Every structure is written in structure tokens, then in C-alpha cells.
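Below is one structure, written out as C-alpha cells; comments come after it.
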Amino acid sequence: MAEKKSALVLPLLLLLISMCFLHLFICPFTKVEESFNLQATHDILYHRLDFDKYDHHEFPGVVPRTFLGPLFLSVLCSPVVFLSSLLEAPKFYSQLIARASLGLCVISALWHMQREVRRQFGSTVAGLFCLTCASQFHLMFYSTRTLPNVFALPIVLVAFTSWMAHKHGWFISLSALVIIVIRSELCILLGLMLLISLLSRRLGLLQLIYYAVPAGLLSLTLTVAVDTFFWRKPLWPEGQVLWYNTVLNKSSSWGTSPFLWYFYSAVPRALGCTLFFVPLGLLDRRIRLLLLPTVGFILIYSLLPHKELRFIIYTFPVLNLAAARGCSFILCNYQKSWLYKLGSAVVAGQLLINSMYTSVCLYVSHHNYPGGRGIQELHRLLPASSDVFVHIDTFAAETGVSRFLQQNKNWRYDKREDITTTRPETHMYSHLLMEANVTKMQQLRDTHTPLVFIEGYNNIALSAAHFPPVRVLLGRKAVLMERKNWVATLRKT
């Protein structure tokens, strides 16, 4: 019986891992939001104790972030990175290894949650939960992204699972860690869970204090000690982020959205067709209890004007659980009538539609990193022994270039943000990786010439005359410029 259960469960785990890695390999580059954690991971792996070379001293970002996440990730992936360096693999492979390690943490947490779902709701709901998560683009896409939200995601999922299982010690300790160290706004989500436990009297006030005080003090001490060391000043990063985003409301500078944006835009895009089965899952009283803090978190967090889909990524697995329970009502009654048979076909169909939507999103995302593709083209086109001094402009740095892609130790890479196409300093660069802006290119026509253009996502066109009717249109997004007299100084002797 145990062997049969293992044979049914193992393919689901392999599916989740495969989908996670598929998204990673199709979209191997990163965006500016992931920059701090990725660069910090690189610096810990490669610069180690040479702290003066760390990227955050030159590019600290708008607000400081904790080094605990990158430190943990570096330790986790360092054996494989070390093996990769022994095999003399390109340094870019280390970026894939680091991101894959983070993805495995997310999948492990999802799998941990799946086991508790299987225990409480049965194998059908657990299986549907895994299939639903694997079919959705955003959850799998973000699972390997070095964002603070993704570093928090595995901890939140394990904490949520502990709350489901009434393991209050683990729930409170993990909640304190993730709130104080990584994402302070999670006090809303995890606080609502805690409030439900207190009101239902499953957790006593003295028991709460017993677990919360030492966990909170330990987490705060850990982050202050580590981050004060790396940032070279007394610092509690997440406290500063909380002040910046909530009290000062400076996050609004990055754009604002309507109050209900999470409900009519973010959640439907993240869940896809699965969303239609969430209400059916509410027929189970246990699901209503699980969804209460989830919906409450989205509702309260909507008060903050600046909104992004990744800010509520922790709620997607819980909503998927509700949808899986709703789907199980239909599948378990398959033999009762033709209506349930039709419903079962719809359940299978929504997974297929989600997968098709994921394929389109993956294709678009693959072409959404012109900076990363541009720096790879530079290494592909030029000999490793050539004397290259390349400037990477803000656009390229924000669309895929990272320190992991600076693969040639003999080349010089510069990301100075004060360099513009009109300044005479541009003459000293043998190459410029920059946005394919006609005006900027015209300003450089006397000193540099285009070497190669990098295409990227432009827009989507719908046409009934073509199959498939959806077409992804590409356009010139980045350009690699070469100094006109550079050939004469191609190689050093």
C-alpha cells in the first residue's frame, strides 16, 4: 500500500520541480527588483571576505535589504557552485544554480503544505492542489526569482501549514522570523491567523507570549547583527522598509493602483481559470476558515496605494487549495450524473487552459530581458583576450545584466549611472550596452557604431487569420555599440 501511494505521489513532486525549472531555463535572466539579493548572493559566493568589492556599497538601492536571505542561499548552493567552478563552467551557470536552489526551497514548502492537505482533505484534493500550482504561470515563474517576497514565501507556507496543523510553536516562531527579517507587511496575514487561533481558544495568551517573545528577540538580534556588519552601520533593514513604505508612503512614487486592483487584476491573472472553482470550495467549512485571513490580508493590504502582484503571492497556494477542494466535489461525484461528468471535463479543461496561458506568458517573458541577452552577445561575439571596456546603461542593468554575467575577468564592466550619451566620457568605452533609442544612437554616431541589435517583447497582436490567433510582436529594445577605432586595439600584447 505504501509503495502504491509513493508511486502516485512522486510524479506530482517531479511535476512541480520540472515546471519550476522549466520557467527558470526559459527565463534565465532577472529584473531590477531582484537585483539586491542576486548581487549579494554573487558577492558572498565570489568575493567572500573582500567586502569592499560588494555591489551594495556602490548601488545600495532605495532602502536597505537584509543579507540573511542571500547568506542562506549562498550557503545552500555553494557546494554545487564550487563543483561548477572546478569544471570551469561559465559563471552564469552559478546564477542558475542559485535561483534553482531558491526554487527548490519554494517547491519543498509547497510539498510540505501538500502533505498536510493530503492528511486533512484526502489524496484527491492534494493531487488537484499540485496540478493547479504547476499549471499556473506566476507561482512557478516567481518561485526562482530572488525577490524578498520569494525569500519569504517558503517560510510563510511552512508557517501556514503549521497553523493548519495547530502546531502553534512552529507557526509563531516562523511568523516572527519572516515578519521581522524579510517582509514586515506579513504581520497582517499571519496576525489574522494568530487572531483566529486566539478567538477560537486553540491558543492561549500565555502560550503566545511563551513562543513569541524569544522568537521575536532572536530574529531581531540576528538581523540587526548580520545587517549591521554588512551595511557597516547600525541597521534593522525591515524596520526601515516598513517606515519608508507605510509611514512615509514613499512606495507610491513607483505607481499607484485602485483599491480593488488585487481582486479584479492580480488574483484573476495569477489563478487563471482556477479562480472559478474557489467559490465551490467554500462549501467546506474548513476552507472558509483558511480563506478568512487570506482574503482579509488582500483587503487590508489594498489600502496601500502601490500594488504589485508579487506582494500577495503568499495567498495563491491557499486560494489554489480552495479551488482544489471545489474541483474535488465535482470529480468525486463523477458517476452520479452526466452533469458531474461534464463538470469533470471542465475541471480538466481549466488545467489545460491554464497551461496554454502559461505557455504564452513564458514566450513573452523569454523576450523581456534584452539587457541579459545583450551581455551574452558581447561575450559570444568578442574574443576573451580582447581589451574590452563596456558601459552598461540603466536600461540594460534593469533588464537582465547581473554580476553573474560579467564572465571575463580581463574585461572591465562599468554600470555608472551618471554616464550619458552626450558626455565625453563615453569615448573611453570600447563598447556600450544600451537602450535602442534612436536619439541616443545619433548622439554617438561620431564615436560608436551599432554592432548588434537585441530584440525584445513589444506587444501582442490578435488576428483570426493566423493560427494560433495570438502573435507576440518583437522590436529592437537594446543595442550593443562598438567604438569605431577599437579594432586597432583589439588585443593586448
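Residue numbering restarts at 1 for every chain of the C-alpha cells, chains are lettered A, B, ... in their displayed order, and ligands are numbered from 1 as they appear.
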
Residues within 10 Å of Cys77 (chain A), only C-alpha atoms, excluding chain neighbours under 4 positions, as a PyMOL selection string: chain A and resi 41+45+72-73+81-82+94-95+97-102

Take the residues that were just selected and, keeping C-alpha atoms, output them as a PDB file, in the first residue's frame.
```pdb
ATOM      1  CA  THR A  41      24.450  36.218  -3.407  1.00  0.00           C
ATOM      2  CA  LEU A  45      29.961  33.383  -3.309  1.00  0.00           C
ATOM      3  CA  PHE A  72      21.342  31.454   3.435  1.00  0.00           C
ATOM      4  CA  LEU A  73      21.032  30.995  -0.340  1.00  0.00           C
ATOM      5  CA  VAL A  81      28.737  26.347  -7.362  1.00  0.00           C
ATOM      6  CA  PHE A  82      32.118  25.066  -6.173  1.00  0.00           C
ATOM      7  CA  SER A  94      26.111  29.874 -10.885  1.00  0.00           C
ATOM      8  CA  GLN A  95      23.195  32.279 -11.286  1.00  0.00           C
ATOM      9  CA  ILE A  97      22.231  27.221  -9.602  1.00  0.00           C
ATOM     10  CA  ALA A  98      21.434  29.915  -7.037  1.00  0.00           C
ATOM     11  CA  ARG A  99      17.980  30.548  -8.473  1.00  0.00           C
ATOM     12  CA  ALA A 100      17.291  26.814  -8.769  1.00  0.00           C
ATOM     13  CA  SER A 101      18.185  26.418  -5.088  1.00  0.00           C
ATOM     14  CA  LEU A 102      15.661  29.103  -4.167  1.00  0.00           C
TER      15      LEU A 102
END
```

Among listed residues A:Glu455, A:Glu482, A:Asp50, A:Glu58, nearest Arg373 (chain A) (using only C-alpha atoms):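 Closest to Arg373 (chain A) of all the choices is A:Glu455.
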
Nearby residues (only C-alpha atoms) at most 10 Å from Val267 (chain A), same-chain spacing under 3 positions excluded, as a PyMOL selection string: chain A and resi 261-264+270-272+275+298+309+312-313+315-316+319

Non-local contacts of region 435-447 of chain A (8 Å; only C-alpha atoms; under 3 positions in same chain excluded) as a list in words: Asp393, Phe395, Ala396, Thr421, Thr422, His427, Phe453, Arg476, Lys477, Ala478, Val479, Arg483 and Lys484 of chain A

From A:Glu185, A:Asp43, A:Gly239, A:Thr132, residue lying nearest Gly349 (chain A) [only C-alpha atoms]: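 Of A:Glu185, A:Asp43, A:Gly239, A:Thr132, the one nearest Gly349 (chain A), counting only C-alpha atoms, is A:Thr132.
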
Proximity check region 47-76 of chain A to region 145-164 of chain A, 9 Å, nearest pairs one decimal Å, only C-alpha atoms, as a Markdown table:
```
| residue | atom | partner | partner_atom | distance |
| --- | --- | --- | --- | --- |
| A:Arg65 | CA | A:Pro148 | CA | 8.3 |
| A:Thr66 | CA | A:Pro148 | CA | 8.9 |
| A:Gly69 | CA | A:Phe151 | CA | 6.5 |
| A:Pro70 | CA | A:Thr146 | CA | 8.6 |
```

Length of the CA of Leu16 (chain A) to CA of Ala89 (chain A) vector [Å]: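 Here the two named atoms are 26.8 Å from each other.
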
Residue neighbourhood Ile179 (chain A), 9 Å, only C-alpha atoms, exclusion window fewer than 5 positions, as number ranges by chain: A: 152, 174, 184-187, 190, 238

Shell of 6 Å around region 18-27 of chain A, only C-alpha atoms, local chain residues under 4 positions omitted, as a list in words: Leu14, Met140, Phe141 and His366 of chain A

Please produce an output containing N, CA, C and O atoms for each residue in the selection, written as an mmCIF file, in the first residue's frame.
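Wrote result_35.cif, looks like this:
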```cif
data_model
loop_
_atom_site.group_PDB
_atom_site.id
_atom_site.type_symbol
_atom_site.label_atom_id
_atom_site.label_comp_id
_atom_site.auth_asym_id
_atom_site.auth_seq_id
_atom_site.Cartn_x
_atom_site.Cartn_y
_atom_site.Cartn_z
ATOM 1 N N LEU A 14 7.718 15.504 -8.939
ATOM 2 C CA LEU A 14 8.562 15.709 -10.121
ATOM 3 C C LEU A 14 7.956 16.742 -11.063
ATOM 4 O O LEU A 14 8.687 17.520 -11.698
ATOM 5 N N MET A 140 4.888 29.581 -10.501
ATOM 6 C CA MET A 140 6.087 28.881 -10.938
ATOM 7 C C MET A 140 7.163 29.860 -11.427
ATOM 8 O O MET A 140 8.360 29.671 -11.179
ATOM 9 N N PHE A 141 6.751 30.920 -12.085
ATOM 10 C CA PHE A 141 7.695 31.920 -12.607
ATOM 11 C C PHE A 141 8.434 32.618 -11.464
ATOM 12 O O PHE A 141 9.656 32.770 -11.490
ATOM 13 N N HIS A 366 10.352 35.312 -22.021
ATOM 14 C CA HIS A 366 11.652 34.941 -22.590
ATOM 15 C C HIS A 366 12.272 36.097 -23.359
ATOM 16 O O HIS A 366 13.501 36.258 -23.376
#
```

Residues near His42 (chain A), cut-off 7 Å, only C-alpha atoms, skip fewer than 4 positions along chain, as a ChimeraX atom specification: /A:38,46,403-404

In region 47-243 of chain A, DSSP alpha helix (DSSP H) residues written as an MDAnalysis selection string: chainID A and resid 68:86 92:121 123:135 137:142 148:164 168:181 186:199 205:231 237:242

Atomic separation - CA of Cys273 (chain A) relative to CA of Tyr357 (chain A), Å: 9.8 Å

Nearest candidate to Met428 (chain A) (options A:Asn485, A:Gln335, A:Ser78, A:Thr449; using only C-alpha atoms):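 Closest candidate: A:Asn485.
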